[in-house]
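**Q** Compact mmCIF, N, CA and C atoms, saved as work03.txt, coming up:
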```txt
# COMPACT_ATOMS: atom_id res chain seq x y z
N GLN A 1 9.01 -42.01 89.54
CA GLN A 1 10.32 -41.88 90.16
C GLN A 1 10.78 -40.43 90.12
N VAL A 2 11.56 -40.08 91.09
CA VAL A 2 12.12 -38.74 91.20
C VAL A 2 13.62 -38.86 91.26
N GLN A 3 14.30 -38.06 90.46
CA GLN A 3 15.77 -38.01 90.48
C GLN A 3 16.19 -36.64 91.01
N LEU A 4 17.14 -36.68 91.92
CA LEU A 4 17.64 -35.45 92.54
C LEU A 4 19.15 -35.38 92.33
N ILE A 5 19.62 -34.26 91.83
CA ILE A 5 21.05 -34.10 91.58
C ILE A 5 21.54 -32.86 92.30
N GLU A 6 22.49 -33.06 93.22
CA GLU A 6 23.06 -31.94 93.98
C GLU A 6 24.34 -31.44 93.33
N SER A 7 24.65 -30.18 93.62
CA SER A 7 25.93 -29.62 93.22
C SER A 7 26.26 -28.48 94.17
N GLY A 8 27.54 -28.05 94.12
CA GLY A 8 27.93 -26.87 94.88
C GLY A 8 28.78 -27.12 96.10
N GLY A 9 29.01 -28.38 96.45
CA GLY A 9 29.86 -28.64 97.60
C GLY A 9 31.31 -28.29 97.31
N GLY A 10 32.12 -28.31 98.36
CA GLY A 10 33.54 -28.03 98.20
C GLY A 10 34.21 -27.72 99.51
N LEU A 11 35.40 -27.17 99.41
CA LEU A 11 36.21 -26.83 100.58
C LEU A 11 36.15 -25.32 100.80
N VAL A 12 35.88 -24.93 102.04
CA VAL A 12 35.80 -23.51 102.36
C VAL A 12 36.37 -23.30 103.76
N GLN A 13 36.89 -22.13 104.01
CA GLN A 13 37.40 -21.81 105.33
C GLN A 13 36.26 -21.42 106.26
N ALA A 14 36.49 -21.60 107.54
CA ALA A 14 35.50 -21.20 108.54
C ALA A 14 35.16 -19.73 108.36
N GLY A 15 33.85 -19.44 108.45
CA GLY A 15 33.38 -18.08 108.23
C GLY A 15 32.97 -17.80 106.80
N GLY A 16 33.31 -18.70 105.92
CA GLY A 16 32.99 -18.52 104.51
C GLY A 16 31.59 -18.98 104.15
N SER A 17 31.30 -18.97 102.85
CA SER A 17 29.97 -19.30 102.35
C SER A 17 30.05 -20.27 101.19
N LEU A 18 28.98 -21.03 101.03
CA LEU A 18 28.79 -21.90 99.88
C LEU A 18 27.31 -21.91 99.54
N ARG A 19 27.00 -22.19 98.28
CA ARG A 19 25.61 -22.37 97.88
C ARG A 19 25.47 -23.74 97.21
N LEU A 20 24.58 -24.53 97.76
CA LEU A 20 24.26 -25.83 97.20
C LEU A 20 23.01 -25.71 96.32
N SER A 21 22.99 -26.54 95.29
CA SER A 21 21.82 -26.60 94.41
C SER A 21 21.35 -28.03 94.29
N CYS A 22 20.06 -28.20 94.10
CA CYS A 22 19.49 -29.53 93.87
C CYS A 22 18.40 -29.39 92.82
N THR A 23 18.57 -30.12 91.73
CA THR A 23 17.60 -30.08 90.64
C THR A 23 16.86 -31.40 90.57
N ALA A 24 15.54 -31.30 90.50
CA ALA A 24 14.70 -32.49 90.46
C ALA A 24 14.20 -32.75 89.05
N SER A 25 14.05 -34.03 88.74
CA SER A 25 13.47 -34.44 87.46
C SER A 25 12.65 -35.70 87.70
N GLY A 26 11.89 -36.08 86.69
CA GLY A 26 11.05 -37.26 86.83
C GLY A 26 9.64 -36.89 87.21
N THR A 27 9.02 -37.71 88.05
CA THR A 27 7.63 -37.51 88.43
C THR A 27 7.55 -36.49 89.55
N THR A 28 7.65 -35.23 89.19
CA THR A 28 7.72 -34.17 90.20
C THR A 28 6.41 -33.99 90.95
N SER A 29 5.32 -34.56 90.44
CA SER A 29 4.05 -34.47 91.15
C SER A 29 4.01 -35.38 92.37
N ASP A 30 5.03 -36.21 92.55
CA ASP A 30 5.07 -37.13 93.69
C ASP A 30 5.39 -36.43 95.00
N TYR A 31 5.83 -35.19 94.95
CA TYR A 31 6.22 -34.51 96.18
C TYR A 31 5.77 -33.05 96.09
N ASP A 32 5.68 -32.38 97.22
CA ASP A 32 5.35 -30.95 97.20
C ASP A 32 6.24 -30.13 98.12
N ALA A 33 7.38 -30.69 98.47
CA ALA A 33 8.38 -29.94 99.23
C ALA A 33 9.74 -30.59 99.01
N MET A 34 10.78 -29.82 99.23
CA MET A 34 12.13 -30.37 99.11
C MET A 34 12.98 -29.88 100.27
N GLY A 35 13.95 -30.68 100.60
CA GLY A 35 14.76 -30.31 101.75
C GLY A 35 16.18 -30.80 101.65
N TRP A 36 16.95 -30.48 102.67
CA TRP A 36 18.35 -30.89 102.78
C TRP A 36 18.58 -31.56 104.12
N PHE A 37 19.37 -32.60 104.07
CA PHE A 37 19.84 -33.27 105.28
C PHE A 37 21.35 -33.36 105.19
N LEU A 38 22.00 -33.56 106.30
CA LEU A 38 23.43 -33.78 106.30
C LEU A 38 23.77 -35.02 107.12
N ARG A 39 24.90 -35.60 106.77
CA ARG A 39 25.45 -36.68 107.59
C ARG A 39 26.92 -36.39 107.80
N ALA A 40 27.26 -36.08 109.04
CA ALA A 40 28.65 -35.83 109.40
C ALA A 40 29.33 -37.16 109.72
N PRO A 41 30.65 -37.22 109.61
CA PRO A 41 31.36 -38.47 109.88
C PRO A 41 31.04 -39.02 111.26
N GLY A 42 30.61 -40.27 111.31
CA GLY A 42 30.33 -40.93 112.58
C GLY A 42 29.06 -40.50 113.27
N LYS A 43 28.22 -39.74 112.59
CA LYS A 43 27.00 -39.24 113.24
C LYS A 43 25.76 -39.64 112.45
N GLU A 44 24.61 -39.46 113.07
CA GLU A 44 23.34 -39.76 112.43
C GLU A 44 22.99 -38.65 111.43
N ARG A 45 22.10 -39.00 110.50
CA ARG A 45 21.62 -38.01 109.56
C ARG A 45 20.83 -36.93 110.29
N GLU A 46 20.99 -35.69 109.86
CA GLU A 46 20.40 -34.55 110.56
C GLU A 46 19.67 -33.67 109.57
N PHE A 47 18.50 -33.21 109.96
CA PHE A 47 17.71 -32.31 109.13
C PHE A 47 18.38 -30.93 109.11
N VAL A 48 18.43 -30.34 107.91
CA VAL A 48 19.03 -29.01 107.76
C VAL A 48 17.96 -27.96 107.46
N ALA A 49 17.24 -28.14 106.36
CA ALA A 49 16.26 -27.14 105.95
C ALA A 49 15.34 -27.75 104.91
N ALA A 50 14.16 -27.14 104.75
CA ALA A 50 13.21 -27.58 103.74
C ALA A 50 12.34 -26.41 103.33
N ILE A 51 11.67 -26.58 102.18
CA ILE A 51 10.81 -25.52 101.67
C ILE A 51 9.62 -26.15 100.95
N GLY A 52 8.45 -25.59 101.17
CA GLY A 52 7.25 -26.06 100.49
C GLY A 52 7.25 -25.58 99.05
N TRP A 53 6.98 -26.50 98.15
CA TRP A 53 7.08 -26.14 96.73
C TRP A 53 6.02 -25.14 96.32
N SER A 54 4.79 -25.33 96.79
CA SER A 54 3.70 -24.41 96.48
C SER A 54 3.55 -23.34 97.55
N SER A 55 3.71 -23.73 98.80
CA SER A 55 3.45 -22.81 99.91
C SER A 55 4.57 -21.80 100.10
N GLY A 56 5.80 -22.22 99.82
CA GLY A 56 6.95 -21.37 100.11
C GLY A 56 7.34 -21.36 101.58
N ARG A 57 6.64 -22.14 102.41
CA ARG A 57 7.02 -22.18 103.83
C ARG A 57 8.41 -22.79 103.96
N THR A 58 9.18 -22.27 104.90
CA THR A 58 10.53 -22.76 105.12
C THR A 58 10.67 -23.36 106.51
N TYR A 59 11.57 -24.32 106.62
CA TYR A 59 11.83 -25.04 107.86
C TYR A 59 13.34 -25.14 108.02
N TYR A 60 13.82 -24.98 109.25
CA TYR A 60 15.25 -25.03 109.50
C TYR A 60 15.55 -25.84 110.76
N GLY A 61 16.66 -26.54 110.69
CA GLY A 61 17.17 -27.19 111.88
C GLY A 61 17.78 -26.15 112.82
N ASP A 62 17.77 -26.45 114.09
CA ASP A 62 18.24 -25.47 115.08
C ASP A 62 19.69 -25.05 114.86
N SER A 63 20.50 -25.95 114.39
CA SER A 63 21.94 -25.66 114.27
C SER A 63 22.25 -24.71 113.12
N VAL A 64 21.31 -24.49 112.21
CA VAL A 64 21.60 -23.65 111.04
C VAL A 64 20.75 -22.38 110.99
N LYS A 65 19.81 -22.23 111.90
CA LYS A 65 18.95 -21.05 111.89
C LYS A 65 19.80 -19.78 111.97
N GLY A 66 19.49 -18.84 111.11
CA GLY A 66 20.21 -17.58 111.09
C GLY A 66 21.47 -17.59 110.24
N ARG A 67 21.90 -18.78 109.82
CA ARG A 67 23.11 -18.88 108.99
C ARG A 67 22.81 -19.41 107.59
N PHE A 68 21.87 -20.32 107.49
CA PHE A 68 21.53 -20.93 106.21
C PHE A 68 20.18 -20.42 105.73
N THR A 69 20.03 -20.33 104.41
CA THR A 69 18.76 -19.91 103.81
C THR A 69 18.42 -20.85 102.67
N ILE A 70 17.21 -21.37 102.69
CA ILE A 70 16.75 -22.23 101.61
C ILE A 70 15.83 -21.42 100.71
N SER A 71 15.94 -21.66 99.41
CA SER A 71 15.09 -20.98 98.44
C SER A 71 14.83 -21.93 97.28
N LYS A 72 13.98 -21.49 96.35
CA LYS A 72 13.62 -22.38 95.25
C LYS A 72 13.39 -21.59 93.99
N ASP A 73 13.49 -22.29 92.88
CA ASP A 73 13.13 -21.75 91.58
C ASP A 73 12.21 -22.78 90.93
N ASN A 74 10.91 -22.50 90.98
CA ASN A 74 9.93 -23.48 90.49
C ASN A 74 10.14 -23.79 89.01
N ALA A 75 10.47 -22.77 88.25
CA ALA A 75 10.62 -22.96 86.80
C ALA A 75 11.76 -23.92 86.47
N LYS A 76 12.76 -23.95 87.35
CA LYS A 76 13.92 -24.82 87.11
C LYS A 76 13.86 -26.10 87.94
N ASN A 77 12.79 -26.28 88.72
CA ASN A 77 12.69 -27.45 89.61
C ASN A 77 13.93 -27.57 90.48
N THR A 78 14.39 -26.45 90.97
CA THR A 78 15.66 -26.42 91.70
C THR A 78 15.47 -25.75 93.06
N VAL A 79 16.10 -26.33 94.05
CA VAL A 79 16.14 -25.74 95.38
C VAL A 79 17.58 -25.41 95.73
N TYR A 80 17.77 -24.34 96.45
CA TYR A 80 19.11 -23.86 96.80
C TYR A 80 19.27 -23.81 98.32
N LEU A 81 20.49 -23.99 98.75
CA LEU A 81 20.81 -23.83 100.17
C LEU A 81 22.01 -22.89 100.26
N GLN A 82 21.75 -21.66 100.66
CA GLN A 82 22.82 -20.69 100.87
C GLN A 82 23.34 -20.86 102.29
N MET A 83 24.61 -21.17 102.40
CA MET A 83 25.22 -21.44 103.69
C MET A 83 26.24 -20.36 104.00
N ASN A 84 26.00 -19.59 105.01
CA ASN A 84 26.89 -18.51 105.44
C ASN A 84 27.46 -18.80 106.81
N SER A 85 28.51 -18.08 107.16
CA SER A 85 29.15 -18.23 108.48
C SER A 85 29.42 -19.70 108.79
N LEU A 86 29.99 -20.38 107.84
CA LEU A 86 30.22 -21.82 107.99
C LEU A 86 31.22 -22.11 109.09
N LYS A 87 30.98 -23.23 109.77
CA LYS A 87 31.83 -23.67 110.88
C LYS A 87 32.40 -25.05 110.55
N PRO A 88 33.51 -25.41 111.16
CA PRO A 88 34.04 -26.77 110.94
C PRO A 88 33.00 -27.85 111.25
N ASP A 89 32.12 -27.62 112.22
CA ASP A 89 31.08 -28.59 112.56
C ASP A 89 30.05 -28.78 111.44
N ASP A 90 30.05 -27.89 110.45
CA ASP A 90 29.13 -28.06 109.31
C ASP A 90 29.68 -29.05 108.29
N THR A 91 30.90 -29.49 108.48
CA THR A 91 31.50 -30.46 107.56
C THR A 91 30.68 -31.74 107.52
N ALA A 92 30.22 -32.10 106.32
CA ALA A 92 29.35 -33.25 106.17
C ALA A 92 29.06 -33.47 104.69
N VAL A 93 28.43 -34.61 104.41
CA VAL A 93 27.82 -34.81 103.10
C VAL A 93 26.39 -34.30 103.20
N TYR A 94 26.02 -33.45 102.27
CA TYR A 94 24.69 -32.86 102.26
C TYR A 94 23.85 -33.56 101.19
N TYR A 95 22.68 -33.99 101.59
CA TYR A 95 21.79 -34.75 100.71
C TYR A 95 20.51 -33.97 100.46
N CYS A 96 20.12 -33.95 99.21
CA CYS A 96 18.84 -33.38 98.83
C CYS A 96 17.75 -34.43 99.01
N ASN A 97 16.58 -33.98 99.40
CA ASN A 97 15.47 -34.90 99.66
C ASN A 97 14.17 -34.28 99.14
N ALA A 98 13.28 -35.12 98.66
CA ALA A 98 11.95 -34.67 98.25
C ALA A 98 10.92 -35.22 99.23
N GLY A 99 9.96 -34.41 99.58
CA GLY A 99 8.98 -34.85 100.56
C GLY A 99 7.72 -34.02 100.51
N GLY A 100 7.15 -33.74 101.69
CA GLY A 100 5.92 -32.99 101.75
C GLY A 100 5.79 -32.21 103.05
N GLU A 101 4.67 -31.55 103.17
CA GLU A 101 4.36 -30.80 104.39
C GLU A 101 3.10 -31.40 105.02
N ALA A 102 3.05 -31.35 106.33
CA ALA A 102 1.87 -31.85 107.04
C ALA A 102 1.51 -30.88 108.16
N ILE A 103 0.25 -30.93 108.54
CA ILE A 103 -0.24 -30.05 109.59
C ILE A 103 -0.08 -30.73 110.94
N SER A 104 0.33 -29.93 111.93
CA SER A 104 0.41 -30.46 113.29
C SER A 104 0.16 -29.33 114.27
N ASP A 105 -0.63 -29.64 115.31
CA ASP A 105 -0.86 -28.67 116.38
C ASP A 105 0.31 -28.62 117.34
N HIS A 106 1.27 -29.54 117.16
CA HIS A 106 2.34 -29.67 118.16
C HIS A 106 3.65 -29.05 117.74
N VAL A 107 3.67 -28.37 116.60
CA VAL A 107 4.90 -27.73 116.16
C VAL A 107 4.65 -26.25 115.94
N GLU A 108 5.71 -25.50 116.11
CA GLU A 108 5.60 -24.06 115.89
C GLU A 108 5.26 -23.78 114.43
N GLY A 109 4.31 -22.92 114.20
CA GLY A 109 3.90 -22.60 112.83
C GLY A 109 2.81 -23.49 112.28
N GLY A 110 2.57 -24.62 112.95
CA GLY A 110 1.46 -25.48 112.56
C GLY A 110 1.74 -26.46 111.43
N TYR A 111 2.94 -26.42 110.86
CA TYR A 111 3.29 -27.31 109.77
C TYR A 111 4.68 -27.89 110.03
N TYR A 112 4.93 -29.05 109.47
CA TYR A 112 6.26 -29.62 109.53
C TYR A 112 6.57 -30.30 108.20
N TYR A 113 7.88 -30.47 107.95
CA TYR A 113 8.33 -31.15 106.73
C TYR A 113 8.56 -32.62 107.03
N TYR A 114 8.14 -33.46 106.10
CA TYR A 114 8.49 -34.88 106.22
C TYR A 114 9.17 -35.31 104.93
N GLY A 115 10.23 -36.07 105.09
CA GLY A 115 10.97 -36.55 103.93
C GLY A 115 10.40 -37.84 103.38
N MET A 116 10.44 -37.98 102.08
CA MET A 116 10.07 -39.22 101.43
C MET A 116 11.36 -39.91 100.99
N ASP A 117 11.21 -41.09 100.45
CA ASP A 117 12.40 -41.88 100.12
C ASP A 117 12.95 -41.52 98.75
N TYR A 118 13.16 -40.23 98.55
CA TYR A 118 13.80 -39.74 97.33
C TYR A 118 15.03 -38.95 97.78
N TRP A 119 16.19 -39.43 97.35
CA TRP A 119 17.44 -38.83 97.81
C TRP A 119 18.39 -38.62 96.65
N GLY A 120 19.17 -37.55 96.74
CA GLY A 120 20.28 -37.39 95.84
C GLY A 120 21.47 -38.19 96.34
N LYS A 121 22.55 -38.17 95.59
CA LYS A 121 23.74 -38.94 95.97
C LYS A 121 24.59 -38.20 96.99
N GLY A 122 24.33 -36.92 97.17
CA GLY A 122 25.05 -36.15 98.17
C GLY A 122 26.19 -35.34 97.60
N THR A 123 26.50 -34.25 98.28
CA THR A 123 27.64 -33.42 97.91
C THR A 123 28.40 -33.07 99.18
N LEU A 124 29.72 -33.20 99.12
CA LEU A 124 30.56 -33.03 100.30
C LEU A 124 30.89 -31.56 100.54
N VAL A 125 30.67 -31.13 101.76
CA VAL A 125 31.06 -29.80 102.21
C VAL A 125 32.10 -29.97 103.30
N THR A 126 33.25 -29.35 103.09
CA THR A 126 34.33 -29.42 104.08
C THR A 126 34.68 -28.00 104.51
N VAL A 127 34.60 -27.76 105.81
CA VAL A 127 34.91 -26.44 106.36
C VAL A 127 36.18 -26.56 107.19
N SER A 128 37.21 -25.86 106.77
CA SER A 128 38.49 -25.92 107.48
C SER A 128 38.57 -24.81 108.54
N SER A 129 39.29 -25.10 109.61
CA SER A 129 39.40 -24.12 110.69
C SER A 129 40.59 -23.20 110.49
```
Represent the supplied structure as C-alpha cells.
**A**
Amino acid sequence: QVQLIESGGGLVQAGGSLRLSCTASGTTSDYDAMGWFLRAPGKEREFVAAIGWSSGRTYYGDSVKGRFTISKDNAKNTVYLQMNSLKPDDTAVYYCNAGGEAISDHVEGGYYYYGMDYWGKGTLVTVSS
C-alpha cells in the first residue's frame, strides 16, 4: 500500500503563488512516478503535472505549462508543485497521485505518465480575483 499526504493549499489572490507538497510512505516500490490532478467544482478530474521518480522526466497539462513546475526530493519521498501566476480558474482540490511512465510513439517526447489507484485526500486551492 502507498499513502500520500498533501499539504500547502490555501487562499491566494490572482497572480500569486503557492507550493504544494506530497509525501509518500508505505510500499514506495509500487510506483516510479508521481503526479498531481485537480478537480474543479462541477468539472471532471484534470491532469496537472507529473514527474518520473528515477528518470526525472516531467509532464504538464496544457493549462499549466509555463506557470507550474513539478519537482521532487527522493530522499524525502516528496514531490512539489510550484504554482505561479495563479488564476481564478485554477481554483480546485488538488490531488497527489502515484503512478508510472510508459513508452509511446504517439506522444511528444516518447513517454507519458499514467496514474495508478493511489491518491491523497486532496488539498484545496482557492484563487480569488
**Q** Using only N, CA and C atoms for the distances, tell me which of A:Met34, A:Lys65, A:Tyr80, A:Gly122 is nearest to Gly52 of chain A.
**A** A:Met34
**Q** What are the DSSP strand (DSSP E or B) residues of chain A, as a ChimeraX atom specification?
**A** /A:2-7,10-13,18-26,33-39,45-52,58-60,68-73,78-83,92-103,111-119,123-128
**Q** Pick from A:Leu124, A:Leu38, A:Val48, A:Val107: nearest to Ser7 of chain A, with only C-alpha atoms counted?
**A** A:Leu124
**Q** With only C-alpha atoms as the basis for distance, which of A:Gly15, A:Pro88, A:Gly99, A:Gly35 is at the shortest distance from Gly61 of chain A?
**A**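 Nearest candidate to Gly61 of chain A out of A:Gly15, A:Pro88, A:Gly99, A:Gly35: A:Gly35.
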**Q** Which polymer residues have any atom within 8 Å of an atom of Phe47 of chain A, counting only N, CA and C atoms, with same-chain residues fewer than 4 positions away left out, as number ranges by chain?
**A** A: 35-39, 59-64
**Q** Take the residues from that selection and write them out as an mmCIF file, in the frame of the given file, keeping N, CA and C atoms.
**A**
```
data_model
loop_
_atom_site.group_PDB
_atom_site.id
_atom_site.type_symbol
_atom_site.label_atom_id
_atom_site.label_comp_id
_atom_site.auth_asym_id
_atom_site.auth_seq_id
_atom_site.Cartn_x
_atom_site.Cartn_y
_atom_site.Cartn_z
ATOM 1 N N GLY A 35 13.950 -30.680 100.600
ATOM 2 C CA GLY A 35 14.760 -30.310 101.750
ATOM 3 C C GLY A 35 16.180 -30.800 101.650
ATOM 4 N N TRP A 36 16.950 -30.480 102.670
ATOM 5 C CA TRP A 36 18.350 -30.890 102.780
ATOM 6 C C TRP A 36 18.580 -31.560 104.120
ATOM 7 N N PHE A 37 19.370 -32.600 104.070
ATOM 8 C CA PHE A 37 19.840 -33.270 105.280
ATOM 9 C C PHE A 37 21.350 -33.360 105.190
ATOM 10 N N LEU A 38 22.000 -33.560 106.300
ATOM 11 C CA LEU A 38 23.430 -33.780 106.300
ATOM 12 C C LEU A 38 23.770 -35.020 107.120
ATOM 13 N N ARG A 39 24.900 -35.600 106.770
ATOM 14 C CA ARG A 39 25.450 -36.680 107.590
ATOM 15 C C ARG A 39 26.920 -36.390 107.800
ATOM 16 N N TYR A 59 11.570 -24.320 106.620
ATOM 17 C CA TYR A 59 11.830 -25.040 107.860
ATOM 18 C C TYR A 59 13.340 -25.140 108.020
ATOM 19 N N TYR A 60 13.820 -24.980 109.250
ATOM 20 C CA TYR A 60 15.250 -25.030 109.500
ATOM 21 C C TYR A 60 15.550 -25.840 110.760
ATOM 22 N N GLY A 61 16.660 -26.540 110.690
ATOM 23 C CA GLY A 61 17.170 -27.190 111.880
ATOM 24 C C GLY A 61 17.780 -26.150 112.820
ATOM 25 N N ASP A 62 17.770 -26.450 114.090
ATOM 26 C CA ASP A 62 18.240 -25.470 115.080
ATOM 27 C C ASP A 62 19.690 -25.050 114.860
ATOM 28 N N SER A 63 20.500 -25.950 114.390
ATOM 29 C CA SER A 63 21.940 -25.660 114.270
ATOM 30 C C SER A 63 22.250 -24.710 113.120
ATOM 31 N N VAL A 64 21.310 -24.490 112.210
ATOM 32 C CA VAL A 64 21.600 -23.650 111.040
ATOM 33 C C VAL A 64 20.750 -22.380 110.990
#
```
**Q** In terms of the shortest atom-to-atom distance over all atoms listed in the file, which of A:Leu86, A:Ile103, A:Lys121, A:Glu108 is closest to Gln13 of chain A?
**A** A:Leu86
**Q** List as a PyMOL selection string the residues having at least one atom at most 12 Å from position (10.8, -35.8, 90.6) as given in the file, counting only C-alpha atoms.
**A** chain A and resi 1-5+22-34+76-78+96-99+116-120
**Q** Kindly give the distance, in Å, that separates atom N of Gly66 of chain A and atom CA of Ala49 of chain A, rounded to a single decimal.
**A**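 Value for the atom N of Gly66 of chain A-atom CA of Ala49 of chain A distance: 10.3 Å.
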**Q** Please report the interatomic distance between atom CA of Val12 of chain A and atom CA of Lys72 of chain A in Å with one decimal.
**A** 23.3 Å
**Q** For Arg19 of chain A, which of A:Ser55, A:Asp89, A:Thr126, A:Gln82 is the closest residue, counting only C-alpha atoms?
**A**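 Counting only C-alpha atoms, the residue closest to Arg19 of chain A is A:Gln82.
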**Q** Could you jot down the atom C of Ala14 of chain A to atom C of Asn84 of chain A separation for me, Å, one decimal place?
**A**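 Spanning atom C of Ala14 of chain A to atom C of Asn84 of chain A is a straight-line distance of 7.9 Å.
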**Q** From the set A:Gly16, A:Gly109, A:Gly8, A:Pro41, which residue has the shortest atom-to-atom contact distance to Thr91 of chain A, counting only C-alpha atoms?
**A**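 Result for the nearest residue to Thr91 of chain A: A:Pro41.
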